[in-house]
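S.K.: Before anything else, here's the structure in question.
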Amino acid sequence: MACSGVCRGPGEADKIVRKAGDLTNAYVYEVGPGPGGITRSILNANVTELLVVEKDSRFIPGLQMLSDAAPGKLRIVHGDVLTYKIERAFPESLKRRWEDDPPNVHIIGNLPFSVSTPLIIKWLENVSCKDGPFVYGRTQMTLTFQKEVAERLTASTGSKQRSRLSVMAQYLCNVQHILTIPGRAFVPKPEVDVGVVHFTPLTRPRIEQPFKLVERVVQNAFQFRRKYCYRGLGMLFPEVQRVESTEKLLQLADVDPTLRPSQLSVSHFKSLCDVYRKMCDEDPHLFTYNFREELKQNKSKNQERENDKERSRR
């Protein structure tokens, strides 16, 4: 299902499509087309080709009717956007070097709320690796999210909405919350308003480390949102060396341990990731360390000790 249902009238759909920029002769990949409200608006924008990926078979006949009305323009894939491979979907001639202007390829989507966060994380990893939809170059994305998620994606350092998503999106892309659409503009009406967010990948990421490493540092930092940042960052290290290694990380990265996670800027995270990378290079086991796993093992050891004591009392 489309994230927030279907736009009531063409007006809201046209607004979303206009925010994607000039689509004349563009190749567009639309995710979650549903019954085709935004699809119609994209077709009206003089695109060369529109590829839609829809999982729900109930919407395929309606999309097929749109395809019949626009011969050669609309290609329908009945599949899952989380697994669909777009690398070979469009002509090779569209490819641009990463340093050049973005290619004439656009992603537009009224995303299901249930997949919007995992999908944007997946695409951000694609941006980092320059694969998936980004084999064509710095492909732009115009996507709808629950308003709260849109606010998180664009939140600035120190703001209440600042989160893992803010940092992961902003270190790789220029991210703008360009439009808010009231929930009442959709059928069925969602509980919340909808935010439209535009992403343009940066020519150079603000943190030049592997995506998984950045994700690990950022995720840990935001683990205890209301506490000082050293608490979450400490979980990157095994218990026996936690205090010492956390101190070393923060000192070398020149980050104040008493900052809250939301007060950490992208440049703070750049320093933290660069230092953490060096620490992992010195101790390769560090990157595979999982504090939850250690917690589980400790609990199990404590339980065994308790059982042993119990047996010795008998």
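Residues in the structure tokens are named by chain (A, B, ... in the order shown) and by number from 1 within that chain; ligands are numbered from 1 in the order shown.
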Report as JSON lines: every residue of region 157-265 of chain A with an atom at most 8 Å from region 116-134 of chain A, its closest pair of atoms, and their distance in Å to one decimal, counting only C-alpha atoms, with rows sorted by chain and ascending residue number.

M.R.:
```
{"residue": "A:Met168", "atom": "CA", "partner": "A:Leu124", "partner_atom": "CA", "distance": 7.5}
{"residue": "A:Ala169", "atom": "CA", "partner": "A:Leu124", "partner_atom": "CA", "distance": 6.8}
{"residue": "A:Leu172", "atom": "CA", "partner": "A:Ser128", "partner_atom": "CA", "distance": 7.0}
{"residue": "A:Pro201", "atom": "CA", "partner": "A:Val127", "partner_atom": "CA", "distance": 6.8}
{"residue": "A:Pro205", "atom": "CA", "partner": "A:Ser128", "partner_atom": "CA", "distance": 7.7}
{"residue": "A:Pro210", "atom": "CA", "partner": "A:Ser128", "partner_atom": "CA", "distance": 7.6}
{"residue": "A:Phe211", "atom": "CA", "partner": "A:Glu125", "partner_atom": "CA", "distance": 6.1}
```

S.K.: Find the residues of region 148-235 of chain A that sit at most 10 Å from region 100-111 of chain A; for each, write down the nearest two atoms and how far apart they are in Å, to one decimal. Count only C-alpha atoms. Sort by chain, then by number going up, and give it as CSV.

M.R.:
```
residue,atom,partner,partner_atom,distance
A:Val194,CA,A:Asn110,CA,9.5
A:Val196,CA,A:Asn110,CA,8.8
A:His198,CA,A:Ile108,CA,9.3
A:Phe199,CA,A:Ile107,CA,9.7
A:Thr200,CA,A:Pro102,CA,8.0
A:Pro201,CA,A:Pro102,CA,8.5
A:Leu202,CA,A:Pro102,CA,9.9
A:Thr203,CA,A:Asp100,CA,8.2
```

S.K.: Which polymer residues have any atom within 12 Å of an atom of Ala70 (chain A), counting only C-alpha atoms, with same-chain residues fewer than 2 positions away left out, as a list in words?

M.R.: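 Once the nearby chain positions are removed, what remains is Thr39, Arg40, Ile42, Leu43, Asn44, Asn46, Val47, Thr48, Glu49, Leu50, Leu63, Gln64, Met65, Leu66, Ser67, Asp68, Gly72, Lys73, Leu74 and Arg75 of chain A.
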
S.K.: Please list as an MDAnalysis selection string every residue within 7 Å of region 282-287 of chain A, counting only C-alpha atoms and excluding residues in the same chain fewer than 3 positions away.

M.R.: chainID A and resid 237 278:279

S.K.: Atoms to include: N, CA, C and O atoms. Write the selected residues as a PDB file, in the first residue's frame.

M.R.:
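And here's selection_29.pdb as it stands now:
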```pdb
ATOM      1  N   PHE A 237      32.889  -1.092  22.699  1.00  0.00           N
ATOM      2  CA  PHE A 237      34.058  -1.796  23.230  1.00  0.00           C
ATOM      3  C   PHE A 237      33.668  -2.848  24.266  1.00  0.00           C
ATOM      4  O   PHE A 237      32.736  -2.642  25.057  1.00  0.00           O
ATOM      5  N   LYS A 278      40.808   3.454  12.963  1.00  0.00           N
ATOM      6  CA  LYS A 278      42.208   3.162  13.329  1.00  0.00           C
ATOM      7  C   LYS A 278      42.263   2.123  14.450  1.00  0.00           C
ATOM      8  O   LYS A 278      43.091   1.212  14.437  1.00  0.00           O
ATOM      9  N   MET A 279      41.360   2.265  15.417  1.00  0.00           N
ATOM     10  CA  MET A 279      41.327   1.325  16.545  1.00  0.00           C
ATOM     11  C   MET A 279      40.962  -0.081  16.064  1.00  0.00           C
ATOM     12  O   MET A 279      41.502  -1.075  16.543  1.00  0.00           O
TER      13      MET A 279
END
```

S.K.: Which residues in region 21-103 of chain A does DSSP call alpha helix (DSSP H)? List them as a ChimeraX atom specification.

M.R.: /A:37-43,60-69

S.K.: Those selected residues, please, written with N, CA and C atoms and delivered as a compact mmCIF listing (two decimals), in the first residue's frame.

M.R.:
```txt
# COMPACT_ATOMS: atom_id res chain seq x y z
N GLY A 37 -2.00 7.45 -8.46
CA GLY A 37 -2.21 8.89 -8.35
C GLY A 37 -0.99 9.69 -8.78
N ILE A 38 0.16 9.36 -8.19
CA ILE A 38 1.41 10.06 -8.53
C ILE A 38 1.89 9.63 -9.92
N THR A 39 1.61 8.37 -10.28
CA THR A 39 2.00 7.84 -11.60
C THR A 39 1.44 8.73 -12.71
N ARG A 40 0.17 9.10 -12.60
CA ARG A 40 -0.47 9.97 -13.61
C ARG A 40 0.27 11.30 -13.72
N SER A 41 0.58 11.88 -12.54
CA SER A 41 1.26 13.19 -12.53
C SER A 41 2.65 13.09 -13.17
N ILE A 42 3.35 11.97 -12.93
CA ILE A 42 4.69 11.79 -13.53
C ILE A 42 4.56 11.68 -15.05
N LEU A 43 3.57 10.89 -15.51
CA LEU A 43 3.36 10.72 -16.96
C LEU A 43 3.02 12.06 -17.63
N ILE A 60 -2.25 -3.79 -9.83
CA ILE A 60 -1.66 -4.02 -11.16
C ILE A 60 -2.65 -3.72 -12.30
N PRO A 61 -3.92 -4.19 -12.24
CA PRO A 61 -4.84 -3.90 -13.35
C PRO A 61 -5.02 -2.40 -13.62
N GLY A 62 -5.14 -1.59 -12.55
CA GLY A 62 -5.29 -0.14 -12.70
C GLY A 62 -4.07 0.49 -13.35
N LEU A 63 -2.88 0.01 -12.93
CA LEU A 63 -1.63 0.52 -13.52
C LEU A 63 -1.53 0.11 -14.99
N GLN A 64 -2.02 -1.10 -15.28
CA GLN A 64 -2.01 -1.58 -16.66
C GLN A 64 -2.86 -0.69 -17.58
N MET A 65 -3.99 -0.19 -17.02
CA MET A 65 -4.84 0.72 -17.79
C MET A 65 -4.09 2.03 -18.10
N LEU A 66 -3.34 2.50 -17.10
CA LEU A 66 -2.53 3.71 -17.33
C LEU A 66 -1.47 3.47 -18.40
N SER A 67 -0.89 2.26 -18.37
CA SER A 67 0.14 1.90 -19.34
C SER A 67 -0.45 1.87 -20.76
N ASP A 68 -1.68 1.32 -20.88
CA ASP A 68 -2.35 1.25 -22.19
C ASP A 68 -2.63 2.66 -22.73
N ALA A 69 -2.89 3.59 -21.78
CA ALA A 69 -3.21 4.97 -22.20
C ALA A 69 -1.95 5.77 -22.55
```

S.K.: If you count only C-alpha atoms, which residues fall within 10 Å of Phe90 (chain A), apart from same-chain ones fewer than 2 positions away, as a list in words?

M.R.: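 Once the nearby chain positions are removed, what remains is Tyr27, Val28, Tyr29, Glu49, Leu50, Leu51, Ile86, Glu87, Arg88, Glu92, Ser93, Leu94, Lys95, Val105, Pro133 and Tyr136 of chain A.
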
S.K.: Would you please work out which residue, of A:Leu295, A:Leu213, A:Ile16, A:Leu272, is nearest to Leu252 (chain A) when using only C-alpha atoms?

M.R.: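 Ranking A:Leu295, A:Leu213, A:Ile16, A:Leu272 by distance to Leu252 (chain A), first place goes to A:Leu272.
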
S.K.: Which one is closest to Glu244 (chain A): A:Phe113, A:Tyr230, A:Thr154, A:Phe222? Count only C-alpha atoms.

M.R.: A:Tyr230

S.K.: Name the closest residue to Ala26 (chain A) among the candidates A:Ala253, A:Ala45, A:Ala13, A:Leu264; distances are taken between atoms, counting only C-alpha atoms.

M.R.: A:Ala45

S.K.: If you run DSSP on the backbone, which residues of region 52-280 of chain A are strand (DSSP E), as a PyMOL selection string?

M.R.: chain A and resi 52-54+74-78+105-110+140-146+173-181+186-187+194-201

S.K.: Determine the nearest neighbour of Leu249 (chain A) from the options A:Glu99, A:Asp274, A:Asp56, A:Glu12, counting only C-alpha atoms.

M.R.: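 So, comparing all the options, the nearest one is A:Asp274.
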
S.K.: Provide the CA of His78 (chain A) to CA of Val17 (chain A) distance in Å, to one decimal place.

M.R.: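 If I compute the distance from CA of His78 (chain A) to CA of Val17 (chain A), I get 22.3 Å.
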
S.K.: I want to know what sits within 10 Å of His268 (chain A), based on only C-alpha atoms, with residues of the same chain fewer than 2 positions away left out; could you give that as a PyMOL selection string?

M.R.: chain A and resi 207+250+253-256+263-266+270-273

S.K.: Ranking A:Arg162, A:Asp80, A:Pro182, A:Gly195 by minimum distance to Ala150 (chain A) and counting only C-alpha atoms, which one comes first?

M.R.: A:Gly195

S.K.: A:Val149, A:Val77, A:Leu179, A:Cys173: which is nearest Phe59 (chain A), counting only C-alpha atoms?

M.R.: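 Ranked by minimum distance to Phe59 (chain A), first place goes to A:Val77.
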